file run.pdb (PDB, C-alpha atoms)
ATOM      1  CA  MET L 106       1.330  26.876 -37.456
ATOM      2  CA  GLY L 107      -0.594  29.568 -35.581
ATOM      3  CA  ALA L 108      -3.367  27.157 -34.578
ATOM      4  CA  SER L 109      -0.892  24.531 -33.465
ATOM      5  CA  ARG L 110       1.040  27.052 -31.393
ATOM      6  CA  ALA L 111      -2.189  28.317 -29.796
ATOM      7  CA  ILE L 112      -3.245  24.766 -28.867
ATOM      8  CA  PHE L 113       0.110  23.973 -27.258
ATOM      9  CA  VAL L 114       0.076  27.261 -25.325
ATOM     10  CA  ALA L 115      -3.506  26.619 -24.177
ATOM     11  CA  VAL L 116      -2.607  23.090 -23.025
ATOM     12  CA  GLY L 117       0.407  24.402 -21.135
ATOM     13  CA  LEU L 118      -1.556  27.174 -19.423
ATOM     14  CA  PHE L 119      -4.313  24.683 -18.589
ATOM     15  CA  GLN L 120      -1.810  22.351 -16.893
ATOM     16  CA  LEU L 121      -0.271  25.292 -15.047
ATOM     17  CA  LEU L 122      -3.698  26.456 -13.857
ATOM     18  CA  ILE L 123      -4.691  22.977 -12.652
ATOM     19  CA  GLY L 124      -1.384  22.656 -10.822
ATOM     20  CA  VAL L 125      -1.883  25.965  -9.026
ATOM     21  CA  LEU L 126      -5.572  25.351  -8.246
ATOM     22  CA  THR L 127      -4.914  21.813  -7.003
ATOM     23  CA  MET L 128      -2.838  23.230  -4.167
ATOM     24  CA  GLY L 129      -5.799  25.144  -2.827
ATOM     25  CA  LEU L 130      -8.732  22.922  -3.762
ATOM     26  CA  THR L 131      -7.636  19.373  -2.881
ATOM     27  CA  ASP L 132      -9.074  19.629   0.598
ATOM     28  CA  ARG L 133     -11.983  21.971  -0.251
ATOM     29  CA  GLY L 134     -15.117  21.837  -2.399
ATOM     30  CA  ILE L 135     -15.294  18.667  -4.460
ATOM     31  CA  GLY L 136     -11.653  17.821  -3.666
ATOM     32  CA  PRO L 137     -12.320  15.563  -0.664
ATOM     33  CA  ASN L 138     -14.991  13.645  -2.638
ATOM     34  CA  MET L 139     -12.559  12.058  -5.037
ATOM     35  CA  ILE L 140      -9.259  10.360  -4.514
ATOM     36  CA  ILE L 141      -7.865  10.779  -7.999
ATOM     37  CA  VAL L 142     -10.245   9.941 -10.852
ATOM     38  CA  SER L 143     -14.027  10.517 -10.519
ATOM     39  CA  VAL L 144     -16.360  10.038  -7.551
ATOM     40  CA  ARG L 145     -18.017   7.045  -9.297
ATOM     41  CA  THR L 146     -14.815   5.226 -10.267
ATOM     42  CA  ASP L 147     -13.048   5.931  -6.980
ATOM     43  CA  LEU L 148     -16.050   4.564  -5.071
ATOM     44  CA  ALA L 149     -15.916   1.405  -7.201
ATOM     45  CA  LEU L 150     -12.160   0.961  -6.773
ATOM     46  CA  PHE L 151     -11.804   1.791  -3.088
ATOM     47  CA  GLY L 152     -15.114   0.315  -1.960
ATOM     48  CA  ALA L 153     -16.407   3.279   0.044
ATOM     49  CA  PRO L 154     -16.978   7.005  -0.389
ATOM     50  CA  THR L 155     -13.695   8.874  -0.434
ATOM     51  CA  GLU L 156     -14.522  11.054   2.574
ATOM     52  CA  GLU L 157     -15.168   7.926   4.661
ATOM     53  CA  ILE L 158     -11.936   6.302   3.529
ATOM     54  CA  LEU L 159      -9.868   9.393   4.197
ATOM     55  CA  ALA L 160     -11.468   9.852   7.635
ATOM     56  CA  SER L 161     -10.615   6.304   8.665
ATOM     57  CA  ASN L 162      -7.234   5.940   6.965
ATOM     58  CA  PRO L 163      -4.723   8.543   8.216
ATOM     59  CA  GLU L 164      -1.826   6.960   6.294
ATOM     60  CA  LEU L 165      -3.722   7.330   3.028
ATOM     61  CA  THR L 166      -4.744  10.887   3.926
ATOM     62  CA  THR L 167      -1.129  11.871   4.594
ATOM     63  CA  PHE L 168       0.179  10.110   1.487
ATOM     64  CA  ARG L 169      -2.553  11.736  -0.601
ATOM     65  CA  TYR L 170      -1.599  15.165   0.773
ATOM     66  CA  ILE L 171       2.027  14.635  -0.234
ATOM     67  CA  THR L 172       1.551  13.040  -3.637
ATOM     68  CA  ILE L 173      -1.284  15.269  -4.892
ATOM     69  CA  ARG L 174       0.814  18.330  -4.151
ATOM     70  CA  THR L 175       3.842  16.779  -5.823
ATOM     71  CA  LEU L 176       1.659  16.139  -8.848
ATOM     72  CA  ALA L 177       0.472  19.753  -8.675
ATOM     73  CA  GLY L 178       4.031  21.090  -8.655
ATOM     74  CA  LEU L 179       4.973  18.972 -11.640
ATOM     75  CA  LEU L 180       1.789  20.006 -13.469
ATOM     76  CA  ALA L 181       2.754  23.645 -12.938
ATOM     77  CA  ALA L 182       6.310  22.981 -14.161
ATOM     78  CA  THR L 183       5.203  20.943 -17.186
ATOM     79  CA  GLY L 184       2.529  23.477 -18.085
ATOM     80  CA  MET L 185       4.969  26.345 -17.899
ATOM     81  CA  LEU L 186       7.489  24.460 -20.041
ATOM     82  CA  ILE L 187       4.924  23.495 -22.695
ATOM     83  CA  ALA L 188       3.428  27.001 -22.876
ATOM     84  CA  GLY L 189       6.823  28.713 -22.857
ATOM     85  CA  LEU L 190       8.344  26.426 -25.456
ATOM     86  CA  ALA L 191       5.299  26.749 -27.710
ATOM     87  CA  TRP L 192       5.072  30.537 -27.369
ATOM     88  CA  PHE L 193       8.744  31.422 -27.752
ATOM     89  CA  GLY L 194      10.213  28.358 -29.430
ATOM     90  CA  MET L 195       7.581  28.006 -32.152
ATOM     91  CA  ARG L 196       7.889  31.630 -33.342
ATOM     92  CA  GLU L 197      10.604  30.538 -35.729
ATOM     93  CA  ALA L 198       9.316  26.963 -35.651
ATOM     94  CA  PRO L 199      12.637  25.126 -35.650
ATOM     95  CA  ALA L 200      12.253  21.358 -36.039
ATOM     96  CA  TRP L 201      13.647  20.662 -32.571
ATOM     97  CA  THR L 202      10.793  22.606 -30.951
ATOM     98  CA  LEU L 203       8.142  20.659 -32.831
ATOM     99  CA  ALA L 204       9.923  17.366 -32.206
ATOM    100  CA  LEU L 205      10.203  18.080 -28.486
ATOM    101  CA  LEU L 206       6.537  19.012 -28.088
ATOM    102  CA  THR L 207       5.469  15.996 -30.164
ATOM    103  CA  VAL L 208       7.609  13.566 -28.163
ATOM    104  CA  THR L 209       6.433  15.070 -24.864
ATOM    105  CA  GLY L 210       2.776  14.699 -25.832
ATOM    106  CA  LEU L 211       3.310  11.068 -26.820
ATOM    107  CA  ALA L 212       5.536  10.239 -23.847
ATOM    108  CA  LEU L 213       2.748  11.053 -21.396
ATOM    109  CA  LEU L 214       0.310   8.509 -22.853
ATOM    110  CA  PRO L 215       1.840   5.248 -21.498
ATOM    111  CA  PHE L 216       2.091   6.787 -18.032
ATOM    112  CA  TRP L 217      -1.611   7.687 -18.010
ATOM    113  CA  TRP L 218      -2.305   4.126 -19.175
ATOM    114  CA  MET L 219      -0.288   2.722 -16.262
ATOM    115  CA  ALA L 220      -1.852   5.132 -13.749
ATOM    116  CA  LEU L 221      -5.331   3.873 -14.657
ATOM    117  CA  SER L 222      -4.368   0.181 -14.550
ATOM    118  CA  PRO L 223      -5.817  -0.452 -11.043
ATOM    119  CA  TYR L 224      -9.226   0.630 -12.398
ATOM    120  CA  ARG L 225      -8.903  -1.615 -15.485
ATOM    121  CA  GLU L 226      -7.780  -4.593 -13.383
ATOM    122  CA  ALA L 227     -10.820  -4.113 -11.133
ATOM    123  CA  GLY L 228     -13.056  -4.110 -14.226
ATOM    124  CA  ILE L 229     -14.077  -0.479 -13.709
ATOM    125  CA  GLY L 230     -14.771   1.351 -16.948
ATOM    126  CA  VAL L 231     -13.062   4.736 -16.965
ATOM    127  CA  GLY L 232     -14.642   7.048 -19.539
ATOM    128  CA  LEU L 233     -13.182  10.275 -20.820
ATOM    129  CA  GLY L 234     -15.339  12.255 -18.403
ATOM    130  CA  ASP L 235     -14.079  10.200 -15.459
ATOM    131  CA  MET L 236     -10.446  10.960 -16.114
ATOM    132  CA  PRO L 237      -8.782  14.009 -14.579
ATOM    133  CA  PRO L 238      -8.630  16.800 -17.209
ATOM    134  CA  PHE L 239      -4.846  17.042 -16.791
ATOM    135  CA  MET L 240      -4.727  13.609 -18.423
ATOM    136  CA  TRP L 241      -7.288  13.738 -21.195
ATOM    137  CA  VAL L 242      -6.886  17.337 -22.374
ATOM    138  CA  PRO L 243      -3.188  17.004 -23.362
ATOM    139  CA  ALA L 244      -3.756  13.426 -24.557
ATOM    140  CA  ILE L 245      -6.188  14.738 -27.191
ATOM    141  CA  ALA L 246      -4.921  18.253 -27.862
ATOM    142  CA  MET L 247      -1.171  17.672 -28.109
ATOM    143  CA  PRO L 248      -1.263  15.038 -30.898
ATOM    144  CA  VAL L 249      -3.707  17.255 -32.838
ATOM    145  CA  ALA L 250      -1.419  20.264 -32.400
ATOM    146  CA  SER L 251       1.582  18.171 -33.414
ATOM    147  CA  VAL L 252      -0.066  17.017 -36.656
ATOM    148  CA  LEU L 253      -1.049  20.602 -37.507
ATOM    149  CA  ALA L 254       2.468  21.825 -36.761
ATOM    150  CA  TRP L 255       4.192  19.167 -38.867
ATOM    151  CA  VAL L 256       1.826  19.728 -41.793
ATOM    152  CA  ALA L 257       2.558  23.474 -41.656
ATOM    153  CA  TYR L 258       6.277  22.777 -41.279
ATOM    154  CA  MET L 259       6.360  20.512 -44.344
ATOM    155  CA  GLN L 260       4.377  23.002 -46.414
ATOM    156  CA  ALA L 261       6.653  25.918 -45.476
TER     157      ALA L 261
ATOM    158  CA  MET D 152      30.391  29.448 -18.952
ATOM    159  CA  LEU D 153      27.320  29.150 -21.158
ATOM    160  CA  LEU D 154      28.185  25.511 -21.806
ATOM    161  CA  ALA D 155      28.438  24.853 -18.055
ATOM    162  CA  SER D 156      25.032  26.471 -17.527
ATOM    163  CA  ARG D 157      23.501  24.401 -20.324
ATOM    164  CA  LEU D 158      25.013  21.233 -18.893
ATOM    165  CA  LEU D 159      23.608  21.926 -15.402
ATOM    166  CA  PHE D 160      20.095  22.391 -16.786
ATOM    167  CA  LEU D 161      20.577  19.437 -19.133
ATOM    168  CA  VAL D 162      21.563  17.156 -16.245
ATOM    169  CA  SER D 163      18.541  18.368 -14.236
ATOM    170  CA  GLY D 164      16.242  17.560 -17.135
ATOM    171  CA  LEU D 165      17.814  14.183 -17.831
ATOM    172  CA  LEU D 166      17.569  13.291 -14.135
ATOM    173  CA  TRP D 167      13.834  14.060 -14.115
ATOM    174  CA  LEU D 168      13.500  12.041 -17.303
ATOM    175  CA  ALA D 169      15.452   9.060 -15.924
ATOM    176  CA  ILE D 170      13.615   9.031 -12.579
ATOM    177  CA  GLY D 171      10.267   9.319 -14.346
ATOM    178  CA  ALA D 172      11.123   6.501 -16.742
ATOM    179  CA  LEU D 173      12.434   4.205 -13.995
ATOM    180  CA  ALA D 174       9.757   4.897 -11.360
ATOM    181  CA  PRO D 175       6.995   2.692 -12.863
ATOM    182  CA  VAL D 176       9.483  -0.195 -13.109
ATOM    183  CA  MET D 177      11.022   0.283  -9.670
ATOM    184  CA  PHE D 178       8.203   1.281  -7.343
ATOM    185  CA  GLU D 179       6.735  -2.224  -7.036
ATOM    186  CA  SER D 180      10.159  -3.842  -6.457
ATOM    187  CA  PRO D 181      11.360  -4.692  -2.922
ATOM    188  CA  LEU D 182      13.713  -1.691  -3.124
ATOM    189  CA  GLY D 183      10.913   0.593  -4.265
ATOM    190  CA  LYS D 184       8.612  -0.533  -1.468
ATOM    191  CA  ARG D 185      11.148   0.584   1.140
ATOM    192  CA  THR D 186      10.005   4.167   0.678
ATOM    193  CA  LEU D 187       6.691   5.931   0.310
ATOM    194  CA  PHE D 188       8.051   9.340  -0.568
ATOM    195  CA  VAL D 189      11.294  10.421   1.098
ATOM    196  CA  SER D 190      13.740   8.070   2.891
ATOM    197  CA  PRO D 191      12.739   4.767   4.568
ATOM    198  CA  SER D 192      13.491   6.071   8.073
ATOM    199  CA  SER D 193      11.682   9.399   7.599
ATOM    200  CA  ASP D 194       8.661   7.694   6.020
ATOM    201  CA  ALA D 195       8.534   5.162   8.856
ATOM    202  CA  ALA D 196       8.642   8.026  11.366
ATOM    203  CA  LEU D 197       5.807   9.922   9.627
ATOM    204  CA  PHE D 198       3.543   6.985   8.797
ATOM    205  CA  GLY D 199       4.201   4.981  11.973
ATOM    206  CA  ALA D 200       5.524   1.808  10.332
ATOM    207  CA  PRO D 201       7.998   0.753   7.637
ATOM    208  CA  PRO D 202       6.529   1.446   4.170
ATOM    209  CA  ALA D 203       6.779  -2.202   3.047
ATOM    210  CA  GLN D 204       4.633  -3.269   6.022
ATOM    211  CA  LEU D 205       2.148  -0.456   5.484
ATOM    212  CA  LEU D 206       1.683  -1.333   1.823
ATOM    213  CA  VAL D 207       0.695  -4.884   2.798
ATOM    214  CA  ALA D 208      -1.528  -3.872   5.712
ATOM    215  CA  ASN D 209      -3.244  -0.961   3.950
ATOM    216  CA  PRO D 210      -4.574  -2.000   0.509
ATOM    217  CA  SER D 211      -6.157   1.405  -0.152
ATOM    218  CA  LEU D 212      -2.776   3.039   0.332
ATOM    219  CA  ALA D 213      -1.117   0.503  -1.978
ATOM    220  CA  THR D 214      -3.783   1.015  -4.657
ATOM    221  CA  PHE D 215      -3.593   4.797  -4.434
ATOM    222  CA  ARG D 216       0.204   4.556  -4.764
ATOM    223  CA  ARG D 217      -0.216   2.470  -7.938
ATOM    224  CA  VAL D 218      -2.262   5.300  -9.449
ATOM    225  CA  MET D 219      -0.178   8.241  -8.280
ATOM    226  CA  ILE D 220       3.389   7.056  -8.899
ATOM    227  CA  PRO D 221       2.925   6.532 -12.684
ATOM    228  CA  ALA D 222       1.070   9.875 -12.925
ATOM    229  CA  ILE D 223       3.909  11.694 -11.151
ATOM    230  CA  ALA D 224       6.429   9.755 -13.240
ATOM    231  CA  GLY D 225       4.753  10.847 -16.484
ATOM    232  CA  LEU D 226       5.009  14.489 -15.511
ATOM    233  CA  LEU D 227       8.650  14.022 -14.523
ATOM    234  CA  VAL D 228       9.331  12.587 -17.970
ATOM    235  CA  ALA D 229       7.495  15.468 -19.688
ATOM    236  CA  SER D 230       9.254  18.131 -17.598
ATOM    237  CA  GLY D 231      12.579  16.404 -18.028
ATOM    238  CA  LEU D 232      12.282  16.129 -21.800
ATOM    239  CA  ILE D 233      11.468  19.806 -22.270
ATOM    240  CA  THR D 234      13.995  21.034 -19.691
ATOM    241  CA  ALA D 235      16.778  19.028 -21.336
ATOM    242  CA  GLY D 236      15.680  20.066 -24.833
ATOM    243  CA  VAL D 237      15.435  23.766 -24.016
ATOM    244  CA  ALA D 238      18.780  23.653 -22.193
ATOM    245  CA  TRP D 239      20.541  21.974 -25.089
ATOM    246  CA  PHE D 240      18.909  23.468 -28.163
ATOM    247  CA  GLY D 241      17.265  26.663 -26.887
ATOM    248  CA  MET D 242      20.269  27.939 -24.947
ATOM    249  CA  MET D 243      22.692  26.996 -27.721
ATOM    250  CA  GLY D 244      22.107  30.295 -29.499
ATOM    251  CA  GLY D 245      21.973  32.318 -26.297
ATOM    252  CA  GLU D 246      18.198  32.739 -26.429
ATOM    253  CA  THR D 247      17.039  34.832 -23.453
ATOM    254  CA  TRP D 248      13.617  33.186 -23.395
ATOM    255  CA  ALA D 249      15.199  29.727 -22.954
ATOM    256  CA  LEU D 250      17.179  30.716 -19.866
ATOM    257  CA  THR D 251      14.230  32.709 -18.451
ATOM    258  CA  LEU D 252      11.903  29.733 -18.925
ATOM    259  CA  LEU D 253      14.278  27.325 -17.192
ATOM    260  CA  ASN D 254      14.762  29.795 -14.314
ATOM    261  CA  ALA D 255      10.997  30.202 -13.963
ATOM    262  CA  VAL D 256      10.453  26.439 -13.818
ATOM    263  CA  GLY D 257      13.201  26.016 -11.225
ATOM    264  CA  LEU D 258      11.544  28.698  -9.090
ATOM    265  CA  VAL D 259       7.917  27.658  -9.538
ATOM    266  CA  VAL D 260       8.419  24.185  -8.062
ATOM    267  CA  ILE D 261      10.057  25.444  -4.840
ATOM    268  CA  PRO D 262       6.844  26.482  -2.993
ATOM    269  CA  PHE D 263       5.227  23.192  -4.053
ATOM    270  CA  TRP D 264       8.106  21.156  -2.611
ATOM    271  CA  TRP D 265       7.910  23.236   0.586
ATOM    272  CA  VAL D 266       4.212  22.438   0.976
ATOM    273  CA  VAL D 267       4.739  18.764   0.044
ATOM    274  CA  LEU D 268       7.214  18.337   2.887
ATOM    275  CA  GLY D 269       4.877  20.085   5.355
ATOM    276  CA  PRO D 270       3.664  16.871   7.059
ATOM    277  CA  TYR D 271       7.259  15.871   7.875
ATOM    278  CA  ARG D 272       7.980  19.319   9.357
ATOM    279  CA  ALA D 273       4.687  19.289  11.263
ATOM    280  CA  ALA D 274       5.591  15.896  12.770
ATOM    281  CA  GLY D 275       8.999  17.243  13.845
ATOM    282  CA  ILE D 276      10.894  14.912  11.494
ATOM    283  CA  ALA D 277      14.206  16.431  10.483
ATOM    284  CA  LEU D 278      14.878  15.925   6.783
ATOM    285  CA  GLY D 279      18.443  16.056   5.526
ATOM    286  CA  LEU D 280      19.282  16.779   1.918
ATOM    287  CA  PHE D 281      19.695  13.105   1.108
ATOM    288  CA  ASP D 282      16.358  12.208   2.697
ATOM    289  CA  LEU D 283      14.617  14.175  -0.047
ATOM    290  CA  PRO D 284      13.771  12.518  -3.366
ATOM    291  CA  PRO D 285      16.596  13.254  -5.861
ATOM    292  CA  PHE D 286      14.113  14.813  -8.300
ATOM    293  CA  MET D 287      13.723  17.576  -5.696
ATOM    294  CA  TRP D 288      17.178  18.197  -4.338
ATOM    295  CA  VAL D 289      19.426  17.641  -7.382
ATOM    296  CA  PRO D 290      17.697  20.239  -9.622
ATOM    297  CA  GLY D 291      17.274  22.345  -6.467
ATOM    298  CA  LEU D 292      21.076  22.647  -6.374
ATOM    299  CA  LEU D 293      21.922  22.508 -10.086
ATOM    300  CA  MET D 294      19.307  24.893 -11.466
ATOM    301  CA  PRO D 295      20.252  27.967  -9.389
ATOM    302  CA  ALA D 296      23.919  27.396 -10.289
ATOM    303  CA  GLY D 297      22.929  26.997 -13.946
ATOM    304  CA  ALA D 298      20.895  30.203 -13.749
ATOM    305  CA  VAL D 299      23.772  32.259 -12.310
ATOM    306  CA  LEU D 300      26.271  30.924 -14.858
ATOM    307  CA  GLY D 301      23.772  31.414 -17.669
ATOM    308  CA  TRP D 302      22.974  35.034 -16.851
ATOM    309  CA  VAL D 303      26.650  35.931 -16.324
ATOM    310  CA  SER D 304      27.426  34.390 -19.689
ATOM    311  CA  TYR D 305      24.507  36.167 -21.380
ATOM    312  CA  VAL D 306      25.515  39.556 -19.895
ATOM    313  CA  GLN D 307      29.157  39.077 -20.870
ATOM    314  CA  GLY D 308      28.116  38.073 -24.356
ATOM    315  CA  ARG D 309      26.303  41.348 -25.016
TER     316      ARG D 309
END

call {"tool": "encode", "arguments": {"input": "run.pdb", "output": "structure tokens"}}
result
Amino acid sequence: MGASRAIFVAVGLFQLLIGVLTMGLTDRGIGPNMIIVSVRTDLALFGAPTEEILASNPELTTFRYITIRTLAGLLAATGMLIAGLAWFGMREAPAWTLALLTVTGLALLPFWWMALSPYREAGIGVGLGDMPPFMWVPAIAMPVASVLAWVAYMQA
Amino acid sequence: MLLASRLLFLVSGLLWLAIGALAPVMFESPLGKRTLFVSPSSDAALFGAPPAQLLVANPSLATFRRVMIPAIAGLLVASGLITAGVAWFGMMGGETWALTLLNAVGLVVIPFWWVVLGPYRAAGIALGLFDLPPFMWVPGLLMPAGAVLGWVSYVQGR
């Protein structure tokens, strides 16, 4: 149970950190080079380097500003909830805590699938390294943590 | 009083969950295309044209929206599930951590929403409460009320 709890807390803190950093880094460093996924896949989907597109498309630039920061706020909230629930709720490990974390981890998967559909429809292969870490880290770590938690729960 | 507090947080969580679940179905419908982020009139004022027209004329914008709306929706579902679960199960036994966690989440999103709405303020577009997306303003009203009721109940219970 300890390992499972540590994984959930780490995932939550990771999401929280990305949410907070996204606020400051979206328009600095590598931020302007990618629209949402990776430089390579965004170039393939949008047909031009991101900086060029953003410079010539003020509506997209404004919409990106708004939606990326909304995403950041929700990443911070989700991360805080996952870390808090895992840290405090899993101390006694009631079934509802494990069920909630398991369902949350699984519930995210179809949304990531839908979010990447424009890339699939355009025939652009999106590898694990192309995806934003806020998608692939919980997608891998949360099911693993859930299995560990349920095994420990059944054995207890 | 504790039950009222739990219900306010529960409703906030279920609203996030419902909006997140419905968004991928609704955002490509004619109704969904009337807005980009806030209300149709405010979006038209900020972006210079009605959203439905913009989404046809600007394929990059439409494609980006198809990526971002499901991603935002997924996080709304995740936040909503845990908020509702912690409100219902965690606060049932008067757990201090449950109420503290829900308060912290309600507070942490406020600066993000403030920054998100920055372009509207910068363009001089007045936003009323009902112009804002419900996932912002409904928990923005319910969560502080839930927090006050929850802490009063917790203090009285000791």

call {"tool": "resolve_selection", "arguments": {"input": "run.pdb", "expression": "the PyMOL selection byres ((chain D and resi 259) around 10)", "output": "list in words"}}
result
Val125, Gly178, Leu179, Ala181, Ala182 and Met185 of chain L; Leu253, Asn254, Ala255, Val256, Gly257, Leu258, Val260, Ile261, Pro262, Phe263 and Trp264 of chain D

call {"tool": "interface_residues", "arguments": {"input": "run.pdb", "of": "chain L", "to": "chain D", "cutoff": "6 Å", "atoms": "only C-alpha atoms", "output": "PDB file with C-alpha atoms, in the coordinates of the input"}}
result
ATOM      1  CA  GLU L 164      -1.826   6.960   6.294  1.00  0.00           C
ATOM      2  CA  LEU L 165      -3.722   7.330   3.028  1.00  0.00           C
ATOM      3  CA  ILE L 171       2.027  14.635  -0.234  1.00  0.00           C
ATOM      4  CA  ARG L 174       0.814  18.330  -4.151  1.00  0.00           C
ATOM      5  CA  LEU L 176       1.659  16.139  -8.848  1.00  0.00           C
ATOM      6  CA  GLY L 178       4.031  21.090  -8.655  1.00  0.00           C
ATOM      7  CA  LEU L 179       4.973  18.972 -11.640  1.00  0.00           C
ATOM      8  CA  ALA L 182       6.310  22.981 -14.161  1.00  0.00           C
ATOM      9  CA  THR L 183       5.203  20.943 -17.186  1.00  0.00           C
ATOM     10  CA  THR L 209       6.433  15.070 -24.864  1.00  0.00           C
ATOM     11  CA  LEU L 213       2.748  11.053 -21.396  1.00  0.00           C
ATOM     12  CA  PHE L 216       2.091   6.787 -18.032  1.00  0.00           C
ATOM     13  CA  ALA L 220      -1.852   5.132 -13.749  1.00  0.00           C
TER      14      ALA L 220
END

call {"tool": "atom_distance", "arguments": {"input": "run.pdb", "atom1": "atom CA of D:Arg157", "atom2": "atom CA of D:Trp302"}}
result
11.2 Å

call {"tool": "closest_residue", "arguments": {"input": "run.pdb", "among": "L:Ala149, L:Leu118, L:Leu126, L:Ala111", "to": "L:Gly230", "atoms": "all atoms listed in the file"}}
result
L:Ala149

call {"tool": "resolve_selection", "arguments": {"input": "run.pdb", "expression": "the PyMOL selection byres ((chain L and resi 204) around 12)", "output": "ChimeraX atom specification"}}
result
/L:190-191,194-195,198-203,205-212,247-248,250-252,254-255,258 /D:232-233,236-237,240

call {"tool": "atom_distance", "arguments": {"input": "run.pdb", "atom1": "atom CA of L:Arg145", "atom2": "atom CA of L:Val116"}}
result
26.1 Å

call {"tool": "atom_distance", "arguments": {"input": "run.pdb", "atom1": "atom CA of D:Thr186", "atom2": "atom CA of D:Pro202"}}
result
5.6 Å

call {"tool": "closest_residue", "arguments": {"input": "run.pdb", "among": "D:Ser304, D:Val189, D:Val299, D:Pro201", "to": "D:Leu280", "atoms": "only C-alpha atoms"}}
result
D:Val189

call {"tool": "decode", "arguments": {"input": "run.pdb", "residues": "stretch 149-154 of chain L", "atoms": "all heavy atoms", "output": "PDB file, in the first residue's frame"}}
result
ATOM      1  N   ALA L 149       3.338  18.877 -38.143  1.00  0.00           N
ATOM      2  CA  ALA L 149       2.634  18.027 -39.111  1.00  0.00           C
ATOM      3  C   ALA L 149       1.139  18.344 -39.148  1.00  0.00           C
ATOM      4  O   ALA L 149       0.525  18.369 -40.213  1.00  0.00           O
ATOM      5  CB  ALA L 149       2.854  16.550 -38.755  1.00  0.00           C
ATOM      6  N   LEU L 150       0.548  18.596 -37.993  1.00  0.00           N
ATOM      7  CA  LEU L 150      -0.901  18.824 -37.945  1.00  0.00           C
ATOM      8  C   LEU L 150      -1.279  20.215 -38.451  1.00  0.00           C
ATOM      9  O   LEU L 150      -2.251  20.367 -39.202  1.00  0.00           O
ATOM     10  CB  LEU L 150      -1.422  18.630 -36.510  1.00  0.00           C
ATOM     11  CG  LEU L 150      -2.929  18.779 -36.325  1.00  0.00           C
ATOM     12  CD1 LEU L 150      -3.689  17.701 -37.100  1.00  0.00           C
ATOM     13  CD2 LEU L 150      -3.313  18.701 -34.846  1.00  0.00           C
ATOM     14  N   PHE L 151      -0.521  21.222 -38.037  1.00  0.00           N
ATOM     15  CA  PHE L 151      -0.908  22.596 -38.361  1.00  0.00           C
ATOM     16  C   PHE L 151      -0.243  23.121 -39.635  1.00  0.00           C
ATOM     17  O   PHE L 151      -0.600  24.181 -40.130  1.00  0.00           O
ATOM     18  CB  PHE L 151      -0.629  23.514 -37.160  1.00  0.00           C
ATOM     19  CG  PHE L 151      -1.540  23.236 -35.995  1.00  0.00           C
ATOM     20  CD1 PHE L 151      -1.158  22.392 -34.967  1.00  0.00           C
ATOM     21  CD2 PHE L 151      -2.813  23.796 -35.931  1.00  0.00           C
ATOM     22  CE1 PHE L 151      -1.997  22.120 -33.900  1.00  0.00           C
ATOM     23  CE2 PHE L 151      -3.662  23.535 -34.869  1.00  0.00           C
ATOM     24  CZ  PHE L 151      -3.255  22.682 -33.848  1.00  0.00           C
ATOM     25  N   GLY L 152       0.746  22.401 -40.133  1.00  0.00           N
ATOM     26  CA  GLY L 152       1.299  22.724 -41.446  1.00  0.00           C
ATOM     27  C   GLY L 152       2.360  23.801 -41.463  1.00  0.00           C
ATOM     28  O   GLY L 152       2.825  24.175 -42.546  1.00  0.00           O
ATOM     29  N   ALA L 153       2.737  24.311 -40.325  1.00  0.00           N
ATOM     30  CA  ALA L 153       3.786  25.348 -40.259  1.00  0.00           C
ATOM     31  C   ALA L 153       4.316  25.380 -38.839  1.00  0.00           C
ATOM     32  O   ALA L 153       3.632  24.934 -37.916  1.00  0.00           O
ATOM     33  CB  ALA L 153       3.215  26.706 -40.649  1.00  0.00           C
ATOM     34  N   PRO L 154       5.532  25.916 -38.653  1.00  0.00           N
ATOM     35  CA  PRO L 154       6.046  26.022 -37.288  1.00  0.00           C
ATOM     36  C   PRO L 154       5.101  26.849 -36.407  1.00  0.00           C
ATOM     37  O   PRO L 154       4.517  27.841 -36.866  1.00  0.00           O
ATOM     38  CB  PRO L 154       7.391  26.735 -37.459  1.00  0.00           C
ATOM     39  CG  PRO L 154       7.787  26.469 -38.867  1.00  0.00           C
ATOM     40  CD  PRO L 154       6.504  26.385 -39.645  1.00  0.00           C
TER      41      PRO L 154
END
